[in-house]
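Enquirer: Just dropping this structure here.
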Amino acid sequence: MRFGTDILRQADILAAFTEDPPGVTRSYLTPQHRRAGDCIAALMREAGMDASYDALGNVVGRYAADRSGAPVVMTGSHMDSVRNAGRYDGVFGILTAIACVRDLHRRGRRLPFDFEVVAFGDEEGVRFGVTLIGSKAMGGSFDPAWLDAKDAGGTTLREALIAFGGDPDGWRALDRRGKGVVAYVESHIEQGPVLLDEGLPVGVVTAIASGARMRVEVTGLAGHAGTVPMGARQDALAAAAEMVLAVERIASAPGAGGSALVGTVGTIEARPGAINVIPQDVSFTVDVRSGDDVARRRATAVMRDAFGAIAPRRGVKVASDVFYELPAAPCDASLQDALAASVARQGLPVRRLPSGAGHDAMVFPPVCPIAMLFVRCGAGGISHHPDETMTAADAEVATAVFLDFLETWTPPNADDA
Ligand code: HGY
Ligand code: MN
Ligand code: MN
């Protein structure tokens with residue numbers, strides 16, 4: 001194999017840069033981020049690229065065009081992970097792009113565009129609760145208020161960036177709008193079962209689902225677990241439990257937004273958190289996704305109304321705050337067609353499919369047209385889990401498709417950029 005075996009071996013090396021071995025957890029601006037970033041920068045340089053960290057801790061590799069004043073094509077994905085993650089989410093998109101450049105460089109081949117490969121430092125938002133930090137800066141939607149976001153230990157994003165050697169005020173210079181970027185194309189594992197079930201190694205993404213995230217605070221009254229009668233309780237956790245089931249019910253309702261609507265409560269915390277005390281304060285998060293912005297907004301509003309109906313009935317108070325909202329990001333039709341042609345040139349059927357997962361690509365539409373190439377996941381398509389897996393053969397095919405795209409796609413006139 002030209003690419004696949006190396007890519008999986010490199011993914012294994014990066015998986016070792018984790019906060020909780022043998023699991024994979026790699027958060028933003030941590031020593032593990034630094035070690036993974038250094039390893040990726042070294043792979044970029046070895047492949048013939050210039051590579052360096054930017055102000056926000058992203059690693060940016062560049063493979064210059066065959067001419068001066070050329071437009072820019074960007075790719076990349078994220079090097080951070082969720083907790084107890086798999087080893088290919090994000091990482092595959094970085095390694096496959098580097099493998100393409102390594103092959104081009106070996107052949108002395110340059111492209112009619114500057115090719116930029118970005119390893120984003122934070123897409124998952126695990127440490128500071130803010131997601132897509134690096135890509136949003138490049139897409140022009142960075143919010144400086146995020147610099148005051150704190151991690152679980154009370155460190156602000158600003159302090160962590162300074163400690164990492166970044167520049168909290170450098171985000172403005174990362175904005176790629178109007179900077180000659182003519183396409184952003186990201187490769188990523190599917191993180192679902194569609195390609196696996198249909199026996200296909202790759203697929204072309206049609207759109208990236210919209211998302212909203214809520215924080216919900218439920219306030220009741222603590223009390224002695226042994227003496228407060230059941231009918232006299234203001235139990236914040238029992239109320240929150242009913243709200244969690246309301247999320248599931250609303251997202252599952254037929255016609256709520258079709259199968260593309262999903263709702264998840266991923267975190268919940270009860271305080272004071274003692275076995276013999278009725279919980280007084282509960283915080284939980286809600287993640288709502290849909291390919292249809294209207295359906296997602298409607299479902300989010302229905303969930304908030306449900307919380308407001310449950311609270312008084314249980315003698316508790318509830319407050320919900322939508323702290324993250326991103327519209328669905330359609331993939332550019334002509335870029336999709338170019339990727340589809342590259343898939344077909346590998347002798348493969350072309351399967352177009354939506355992405356239920358969010359990706360760095362979804363914040364690039366203000367910069368340029370976007371597209372994504374999916375590669376099959378094994379183990380039922382599981383992801384955000386240690387069992388996440390893919391084969392070297394599929395990594396090989398996906399990289400060959402991406403390389404074919406790079407060598408055949410001709411950017412629009414640079415003036416369009
Ligand atoms: O949540 C997502 O869809 C992505 O993994 N950050
Ligand atoms: Mn992920
Ligand atoms: Mn991802």
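Residue numbering restarts at 1 for every chain of the structure tokens, chains are lettered A, B, ... in their displayed order, and ligands are numbered from 1 as they appear.
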Could the residues of range 379-404 of chain A that have an atom at most 9 Å from range 90-103 of chain A be listed as JSON lines, each with its closest atom pair and the distance in Å to one decimal, counting only C-alpha atoms and ordered by chain and ascending residue number?
Expert:
{"residue": "A:Ala395", "atom": "CA", "partner": "A:Thr96", "partner_atom": "CA", "distance": 7.5}
{"residue": "A:Glu396", "atom": "CA", "partner": "A:Thr96", "partner_atom": "CA", "distance": 8.7}
{"residue": "A:Ala398", "atom": "CA", "partner": "A:Thr96", "partner_atom": "CA", "distance": 7.8}
{"residue": "A:Thr399", "atom": "CA", "partner": "A:Thr96", "partner_atom": "CA", "distance": 5.5}
{"residue": "A:Ala400", "atom": "CA", "partner": "A:Cys100", "partner_atom": "CA", "distance": 7.9}
{"residue": "A:Phe402", "atom": "CA", "partner": "A:Cys100", "partner_atom": "CA", "distance": 7.5}
{"residue": "A:Leu403", "atom": "CA", "partner": "A:Cys100", "partner_atom": "CA", "distance": 5.5}
Enquirer: Got a sec to check which residues lie within 8 Å of ligand 1, using only C-alpha atoms and all ligand atoms, and send them as a list in words?
Expert: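 Counting only what the definition allows, namely only C-alpha atoms and all ligand atoms, the set is Val82, Asp89, Glu123, Glu124, Gly125, Thr131, Leu132, Gly356, Ala357, Gly358, His359 and His384 of chain A.
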Enquirer: Put those residues in a file: N, CA, C and O atoms, as a compact mmCIF listing (two decimals), in the first residue's frame.
Expert:
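Writing the result to out20.txt gives the following:
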# COMPACT_ATOMS: atom_id res chain seq x y z
N VAL A 82 -12.65 13.90 21.92
CA VAL A 82 -13.56 13.84 23.05
C VAL A 82 -12.89 13.00 24.13
O VAL A 82 -11.77 12.52 23.95
N ASP A 89 -11.03 9.87 14.56
CA ASP A 89 -11.87 11.06 14.48
C ASP A 89 -10.97 12.29 14.40
O ASP A 89 -10.19 12.54 15.31
N GLU A 123 -11.71 21.22 18.18
CA GLU A 123 -12.99 21.12 17.46
C GLU A 123 -14.06 20.62 18.42
O GLU A 123 -15.22 21.00 18.35
N GLU A 124 -13.67 19.77 19.35
CA GLU A 124 -14.66 19.11 20.21
C GLU A 124 -15.14 19.99 21.36
O GLU A 124 -16.21 19.76 21.92
N GLY A 125 -14.34 20.95 21.78
CA GLY A 125 -14.80 21.85 22.84
C GLY A 125 -14.81 21.22 24.21
O GLY A 125 -15.52 21.67 25.11
N THR A 131 -16.60 25.22 21.10
CA THR A 131 -16.11 24.28 20.07
C THR A 131 -15.60 25.02 18.84
O THR A 131 -15.87 26.20 18.63
N LEU A 132 -14.85 24.29 18.02
CA LEU A 132 -14.41 24.79 16.70
C LEU A 132 -13.61 26.08 16.83
O LEU A 132 -13.68 26.96 15.96
N GLY A 356 -24.32 13.68 10.02
CA GLY A 356 -24.99 14.01 11.28
C GLY A 356 -24.02 14.63 12.27
O GLY A 356 -24.40 15.38 13.15
N ALA A 357 -22.74 14.31 12.09
CA ALA A 357 -21.71 14.88 12.98
C ALA A 357 -21.31 16.26 12.47
O ALA A 357 -21.40 16.56 11.29
N GLY A 358 -20.85 17.10 13.40
CA GLY A 358 -20.32 18.40 13.02
C GLY A 358 -18.84 18.26 12.67
O GLY A 358 -18.18 17.31 13.11
N HIS A 359 -18.34 19.18 11.87
CA HIS A 359 -16.93 19.14 11.46
C HIS A 359 -16.39 20.55 11.29
O HIS A 359 -17.16 21.50 11.11
N HIS A 384 -16.46 8.22 18.71
CA HIS A 384 -16.43 8.83 20.06
C HIS A 384 -16.41 7.71 21.11
O HIS A 384 -17.05 7.79 22.15
Enquirer: Which of range 104-339 of chain A counts as helix (DSSP H, G or I) under DSSP, as a PyMOL selection string please?
Expert: chain A and resi 104-106+133-139+144-148+157-164+170-174+194-197+230-232+236-252+258-260+293-313+333-339
Enquirer: With distances taken over only C-alpha atoms and all ligand atoms, which residue among A:Arg62, A:Gly199, A:Ala41, A:Ser383 lies nearest ligand 2?
Expert: A:Ser383
Enquirer: Quick one: residues within 9 Å of Gly192 in chain A, only C-alpha atoms, excluding same-chain residues fewer than 3 positions away - as a PyMOL selection string?
Expert: chain A and resi 189+195-196+355-357+376-378+380-383
Enquirer: With distances taken over only C-alpha atoms, which of A:Tyr88, A:Phe3, A:Gly165, A:Ile275 is nearest to Arg34 in chain A?
Expert: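 The shortest atom-to-atom distance to Arg34 in chain A comes from A:Gly165.
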Enquirer: Calculated over only C-alpha atoms and all ligand atoms, which of the candidates A:Ala119, A:Cys39, A:Ala344, A:Leu339 has the smallest distance to ligand 3?
Expert: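 Among the listed residues, A:Ala119 lies closest to ligand 3.
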Enquirer: Just want the 9 Å neighbourhood of Phe405 in chain A, counted on only C-alpha atoms, with same-chain residues fewer than 4 positions away dropped. Output as a list in words.
Expert: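 Neighbouring residues, sequence-local ones excluded: Ala338, Leu339, Ala341, Ser342, Val343, Ala400, Val401 and Trp409 of chain A.
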Enquirer: What would the file look like if the residues just selected were written as a PDB file, in the first residue's frame with C-alpha atoms?
Expert:
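That gives us result_16.pdb:
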ATOM      1  CA  ALA A 338     -15.405  16.714  -8.545  1.00  0.00           C
ATOM      2  CA  LEU A 339     -15.000  14.399  -5.522  1.00  0.00           C
ATOM      3  CA  ALA A 341     -15.632  11.923 -10.291  1.00  0.00           C
ATOM      4  CA  SER A 342     -12.484  11.036  -8.327  1.00  0.00           C
ATOM      5  CA  VAL A 343     -14.379   8.271  -6.529  1.00  0.00           C
ATOM      6  CA  ALA A 400      -6.146   7.829  -3.521  1.00  0.00           C
ATOM      7  CA  VAL A 401      -9.509   9.556  -4.102  1.00  0.00           C
ATOM      8  CA  TRP A 409      -9.553  19.766  -9.810  1.00  0.00           C
TER       9      TRP A 409
END
Enquirer: May I ask which of the residues A:Ala207, A:Val367, A:Val24, A:Ala328 is the closest one to Met79 in chain A, counting only C-alpha atoms?
Expert: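 Of A:Ala207, A:Val367, A:Val24, A:Ala328, the one nearest Met79 in chain A, counting only C-alpha atoms, is A:Val24.
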Enquirer: Taking only C-alpha atoms and all ligand atoms into account, name the residue in A:Gln191, A:Ser320, A:Gln336, A:Gln10 that is nearest to ligand 2.
Expert: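 Smallest separation from ligand 2 among the options: A:Gln191.
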Enquirer: Nearest to Ala379 in chain A: which of A:Pro144, A:Pro31, A:Pro193, A:Gly180 is it, counting only C-alpha atoms?
Expert: A:Pro193
Enquirer: Pick out the residues sitting within 8 Å of Leu221 in chain A, and hand them over as a PyMOL selection string; count only C-alpha atoms, and ignore anything fewer than 4 positions along from it in its own chain.
Expert: chain A and resi 233-236+278-281+316
Enquirer: Those residues with N, CA, C and O atoms, as a compact mmCIF listing (two decimals), in the first residue's frame please?
Expert:
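Result file is result_33.txt:
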# COMPACT_ATOMS: atom_id res chain seq x y z
N ARG A 233 -41.20 17.09 48.49
CA ARG A 233 -39.83 17.31 48.00
C ARG A 233 -39.78 18.29 46.81
O ARG A 233 -40.73 18.37 46.02
N GLN A 234 -38.64 18.99 46.75
CA GLN A 234 -38.31 19.79 45.54
C GLN A 234 -37.01 19.21 44.98
O GLN A 234 -35.95 19.81 45.08
N ASP A 235 -37.15 18.03 44.44
CA ASP A 235 -36.00 17.21 44.05
C ASP A 235 -35.52 17.59 42.65
O ASP A 235 -36.17 17.26 41.64
N ALA A 236 -34.40 18.30 42.59
CA ALA A 236 -33.91 18.82 41.30
C ALA A 236 -33.52 17.69 40.36
O ALA A 236 -33.67 17.80 39.13
N ILE A 278 -31.28 15.01 49.33
CA ILE A 278 -32.09 15.28 48.13
C ILE A 278 -31.38 16.34 47.28
O ILE A 278 -31.02 17.40 47.82
N PRO A 279 -31.12 16.06 46.01
CA PRO A 279 -30.36 17.03 45.19
C PRO A 279 -31.05 18.38 45.08
O PRO A 279 -32.26 18.45 44.82
N GLN A 280 -30.24 19.44 45.26
CA GLN A 280 -30.78 20.81 45.19
C GLN A 280 -30.52 21.45 43.84
O GLN A 280 -31.36 22.16 43.31
N ASP A 281 -29.32 21.19 43.27
CA ASP A 281 -28.95 21.84 42.00
C ASP A 281 -28.51 20.79 41.01
O ASP A 281 -27.68 19.93 41.34
N VAL A 316 -39.66 23.13 41.40
CA VAL A 316 -38.26 23.54 41.16
C VAL A 316 -38.25 24.68 40.14
O VAL A 316 -39.26 24.96 39.49
Enquirer: Contacts of Arg67 in chain A at 9 Å or less, counting only C-alpha atoms, minus same-chain residues fewer than 4 places along, as a ChimeraX atom specification?
Expert: /A:110-114
Enquirer: Which value, in Å to one decimal, gives the distance between CA of Val244 in chain A and CA of Thr300 in chain A?
Expert: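 The value is 12.8 Å.
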Enquirer: If DSSP is run on the backbone, what residues of range 191-405 of chain A are strand (DSSP E)? A reply as a ChimeraX atom specification would be ideal.
Expert: /A:202-208,210-219,223-224,262-264,268-271,277-278,281-290,317-326,329-330,352-355,370-375
Enquirer: Could you list, as a ChimeraX atom specification, every residue within 10 Å of Asn58 in chain A, counting only C-alpha atoms and ignoring same-chain residues fewer than 3 positions away?
Expert: /A:28-29,33-34,37,52-55,61,78-79,118-122,133-135,166
